[in-house]
Amino acid sequence: MTTPPPDWLTGTARSPLDDKLGIEIVDYAPDRLVATMPVAGNEQPFGLLHGGATCALVETIGSVAAAMGAGPGKQVVGIELNASYLRAATSGTVTAVCTPVRRGRTLSTFLIEVADDEGRATATARLTCMTLSGRQ
């Protein structure tokens, strides 16, 4: 891990779904979060990485980026997710890189690019999150 999570975020950045899918955030740099997910166990019936698993990866990393931008004591919720699938992943690990497009007081938007082990783009997505005033 290059950049560790902020102390206040530790423990709240993982969900049971992340555990089931094998999603791991490997770099918490505020302007470039990076997460990985194995293809094995996350395929659809034809042996390709499931689009829903890709969306879960994207929403996880984008939501953590939004939470980091919002700061302690705030809650963020995804309000829009748009994903385009560019190439099938059939083995190995996919890596998602999340960069901010806009960080506002209430809304934040992130671009997430997903690539296979060879660095080939498999999906691109945009996630917009809303920041709420406190834990709901």
# chains A, B, ... in the order shown; residues from 1 in each chain; ligands from 1
call {"tool": "select_by_dssp", "arguments": {"residues": "chain A", "states": "helix (DSSP H, G or I)", "output": "NGL selection string"}}
result
:A and (7-9 or 16-21 or 51-70)
call {"tool": "residues_around", "arguments": {"residues": "segment 42-48 of chain A", "least_positions_apart": "5", "cutoff": "12 Å", "atoms": "only C-alpha atoms", "output": "VMD selection string"}}
result
chain A and resid 17 to 23 37 53 to 57 85 87 to 94 122
call {"tool": "write_last_selection", "arguments": {"atoms": "N, CA and C atoms", "output": "tab-separated table (two decimals), in the first residue's frame"}}
result
chain	number	residue	atom	x	y	z
A	17	LEU	N	-20.08	-6.95	1.07
A	17	LEU	CA	-20.01	-7.22	-0.37
A	17	LEU	C	-18.57	-7.15	-0.86
A	18	ASP	N	-17.81	-6.18	-0.36
A	18	ASP	CA	-16.39	-6.10	-0.74
A	18	ASP	C	-15.68	-7.39	-0.40
A	19	ASP	N	-15.97	-7.95	0.79
A	19	ASP	CA	-15.36	-9.21	1.20
A	19	ASP	C	-15.75	-10.34	0.26
A	20	LYS	N	-17.03	-10.43	-0.10
A	20	LYS	CA	-17.50	-11.50	-0.98
A	20	LYS	C	-16.87	-11.43	-2.36
A	21	LEU	N	-16.68	-10.22	-2.86
A	21	LEU	CA	-16.13	-10.04	-4.20
A	21	LEU	C	-14.60	-9.99	-4.21
A	22	GLY	N	-13.99	-9.88	-3.05
A	22	GLY	CA	-12.52	-9.81	-2.97
A	22	GLY	C	-11.96	-8.44	-3.32
A	23	ILE	N	-12.74	-7.39	-3.13
A	23	ILE	CA	-12.29	-6.03	-3.43
A	23	ILE	C	-11.33	-5.56	-2.35
A	37	MET	N	-9.70	-6.37	-7.76
A	37	MET	CA	-10.72	-7.40	-7.55
A	37	MET	C	-10.37	-8.59	-8.44
A	53	ALA	N	-20.39	-7.10	-10.80
A	53	ALA	CA	-19.19	-7.10	-9.96
A	53	ALA	C	-18.33	-5.88	-10.27
A	54	THR	N	-18.21	-5.56	-11.56
A	54	THR	CA	-17.47	-4.36	-11.95
A	54	THR	C	-18.10	-3.12	-11.36
A	55	CYS	N	-19.44	-3.04	-11.42
A	55	CYS	CA	-20.13	-1.88	-10.84
A	55	CYS	C	-19.93	-1.80	-9.33
A	56	ALA	N	-19.90	-2.94	-8.65
A	56	ALA	CA	-19.65	-2.93	-7.21
A	56	ALA	C	-18.25	-2.42	-6.92
A	57	LEU	N	-17.26	-2.83	-7.71
A	57	LEU	CA	-15.89	-2.35	-7.55
A	57	LEU	C	-15.84	-0.83	-7.73
A	85	TYR	N	-18.70	-0.95	-20.66
A	85	TYR	CA	-17.81	-2.11	-20.70
A	85	TYR	C	-17.09	-2.11	-22.04
A	87	ARG	N	-13.99	-4.20	-22.74
A	87	ARG	CA	-13.30	-5.45	-23.08
A	87	ARG	C	-13.61	-6.44	-21.98
A	88	ALA	N	-13.76	-7.70	-22.36
A	88	ALA	CA	-14.05	-8.74	-21.37
A	88	ALA	C	-12.78	-9.12	-20.61
A	89	ALA	N	-12.92	-9.32	-19.31
A	89	ALA	CA	-11.85	-9.89	-18.49
A	89	ALA	C	-12.27	-11.31	-18.15
A	90	THR	N	-11.39	-12.27	-18.36
A	90	THR	CA	-11.75	-13.68	-18.13
A	90	THR	C	-10.88	-14.36	-17.07
A	91	SER	N	-9.82	-13.70	-16.65
A	91	SER	CA	-8.95	-14.29	-15.63
A	91	SER	C	-8.13	-13.18	-14.97
A	92	GLY	N	-7.42	-13.56	-13.92
A	92	GLY	CA	-6.53	-12.62	-13.26
A	92	GLY	C	-7.27	-11.65	-12.35
A	93	THR	N	-6.78	-10.44	-12.33
A	93	THR	CA	-7.30	-9.40	-11.45
A	93	THR	C	-7.58	-8.15	-12.28
A	94	VAL	N	-8.63	-7.44	-11.92
A	94	VAL	CA	-8.86	-6.13	-12.53
A	94	VAL	C	-8.49	-5.07	-11.50
A	122	THR	N	-10.92	-2.37	-19.43
A	122	THR	CA	-12.07	-3.27	-19.49
A	122	THR	C	-13.38	-2.53	-19.27
call {"tool": "atom_distance", "arguments": {"atom1": "atom CA of Cys98 of chain A", "atom2": "atom CA of Ala67 of chain A"}}
result
13.0 Å
call {"tool": "select_by_dssp", "arguments": {"residues": "segment 38-129 of chain A", "states": "strand (DSSP E or B)", "output": "PyMOL selection string"}}
result
chain A and resi 38+43+49+75-85+93-103+107-115+121-129
call {"tool": "atom_distance", "arguments": {"atom1": "atom CA of Phe110 of chain A", "atom2": "atom CA of Val39 of chain A"}}
result
23.1 Å
call {"tool": "residues_around", "arguments": {"residues": "Ile25 of chain A", "least_positions_apart": "4", "cutoff": "12 Å", "atoms": "only C-alpha atoms", "output": "MDAnalysis selection string"}}
result
chainID A and resid 1:5 10 13:15 18:19 29 32:37 57:58 60:65 94:98
call {"tool": "write_last_selection", "arguments": {"atoms": "N, CA and C atoms", "output": "CSV table (one decimal), in the first residue's frame"}}
result
chain,number,residue,atom,x,y,z
A,1,MET,N,0.9,-1.2,0.0
A,1,MET,CA,0.0,0.0,0.0
A,1,MET,C,0.9,1.2,0.0
A,2,THR,N,0.7,2.1,-1.0
A,2,THR,CA,1.5,3.3,-1.1
A,2,THR,C,1.0,4.4,-0.1
A,3,THR,N,-0.3,4.7,-0.1
A,3,THR,CA,-0.9,5.7,0.8
A,3,THR,C,-1.9,5.0,1.6
A,4,PRO,N,-1.7,5.0,3.0
A,4,PRO,CA,-2.7,4.4,3.8
A,4,PRO,C,-4.0,5.2,4.0
A,5,PRO,N,-5.0,4.6,4.4
A,5,PRO,CA,-6.3,5.3,4.6
A,5,PRO,C,-6.1,6.3,5.8
A,10,THR,N,-10.4,4.1,8.8
A,10,THR,CA,-10.1,2.7,9.0
A,10,THR,C,-11.3,1.9,9.6
A,13,ALA,N,-14.4,1.5,5.7
A,13,ALA,CA,-14.3,1.5,4.2
A,13,ALA,C,-14.5,0.2,3.6
A,14,ARG,N,-14.9,-0.8,4.4
A,14,ARG,CA,-15.1,-2.2,3.8
A,14,ARG,C,-16.5,-2.6,4.1
A,15,SER,N,-17.1,-3.3,3.2
A,15,SER,CA,-18.5,-3.8,3.4
A,15,SER,C,-18.5,-5.3,3.2
A,18,ASP,N,-17.8,-6.2,-0.4
A,18,ASP,CA,-16.4,-6.1,-0.7
A,18,ASP,C,-15.7,-7.4,-0.4
A,19,ASP,N,-16.0,-7.9,0.8
A,19,ASP,CA,-15.4,-9.2,1.2
A,19,ASP,C,-15.7,-10.3,0.3
A,29,ALA,N,-4.5,7.3,-2.0
A,29,ALA,CA,-4.1,8.7,-2.4
A,29,ALA,C,-5.4,9.5,-2.7
A,32,ARG,N,-6.1,9.8,-6.4
A,32,ARG,CA,-5.9,8.6,-7.2
A,32,ARG,C,-6.0,7.4,-6.4
A,33,LEU,N,-7.2,7.0,-6.0
A,33,LEU,CA,-7.4,5.8,-5.2
A,33,LEU,C,-7.3,4.6,-6.2
A,34,VAL,N,-6.8,3.5,-5.7
A,34,VAL,CA,-6.6,2.3,-6.5
A,34,VAL,C,-7.2,1.1,-5.8
A,35,ALA,N,-8.0,0.2,-6.5
A,35,ALA,CA,-8.5,-1.0,-5.9
A,35,ALA,C,-8.4,-2.1,-6.8
A,36,THR,N,-8.3,-3.3,-6.3
A,36,THR,CA,-8.3,-4.5,-7.1
A,36,THR,C,-9.4,-5.5,-6.8
A,37,MET,N,-9.7,-6.4,-7.8
A,37,MET,CA,-10.7,-7.4,-7.5
A,37,MET,C,-10.4,-8.6,-8.4
A,57,LEU,N,-17.3,-2.8,-7.7
A,57,LEU,CA,-15.9,-2.3,-7.6
A,57,LEU,C,-15.8,-0.8,-7.7
A,58,VAL,N,-16.5,-0.4,-8.8
A,58,VAL,CA,-16.5,1.1,-9.1
A,58,VAL,C,-17.2,1.9,-8.0
A,60,THR,N,-17.6,1.0,-4.9
A,60,THR,CA,-16.8,0.9,-3.6
A,60,THR,C,-15.7,2.0,-3.7
A,61,ILE,N,-14.9,2.0,-4.7
A,61,ILE,CA,-13.8,2.9,-4.7
A,61,ILE,C,-14.2,4.4,-4.8
A,62,GLY,N,-15.3,4.6,-5.6
A,62,GLY,CA,-15.8,6.0,-5.7
A,62,GLY,C,-16.4,6.5,-4.4
A,63,SER,N,-17.1,5.6,-3.7
A,63,SER,CA,-17.7,6.0,-2.5
A,63,SER,C,-16.7,6.3,-1.4
A,64,VAL,N,-15.6,5.5,-1.4
A,64,VAL,CA,-14.5,5.8,-0.4
A,64,VAL,C,-13.8,7.1,-0.8
A,65,ALA,N,-13.6,7.4,-2.1
A,65,ALA,CA,-13.0,8.6,-2.5
A,65,ALA,C,-13.9,9.8,-2.0
A,94,VAL,N,-8.6,-7.4,-11.9
A,94,VAL,CA,-8.9,-6.1,-12.5
A,94,VAL,C,-8.5,-5.1,-11.5
A,95,THR,N,-8.0,-3.9,-12.0
A,95,THR,CA,-7.6,-2.8,-11.2
A,95,THR,C,-8.4,-1.6,-11.5
A,96,ALA,N,-9.0,-1.0,-10.5
A,96,ALA,CA,-9.7,0.3,-10.7
A,96,ALA,C,-9.0,1.5,-10.2
A,97,VAL,N,-8.9,2.5,-11.0
A,97,VAL,CA,-8.2,3.8,-10.6
A,97,VAL,C,-9.3,4.9,-10.6
A,98,CYS,N,-9.4,5.5,-9.5
A,98,CYS,CA,-10.5,6.5,-9.3
A,98,CYS,C,-9.9,7.9,-9.1
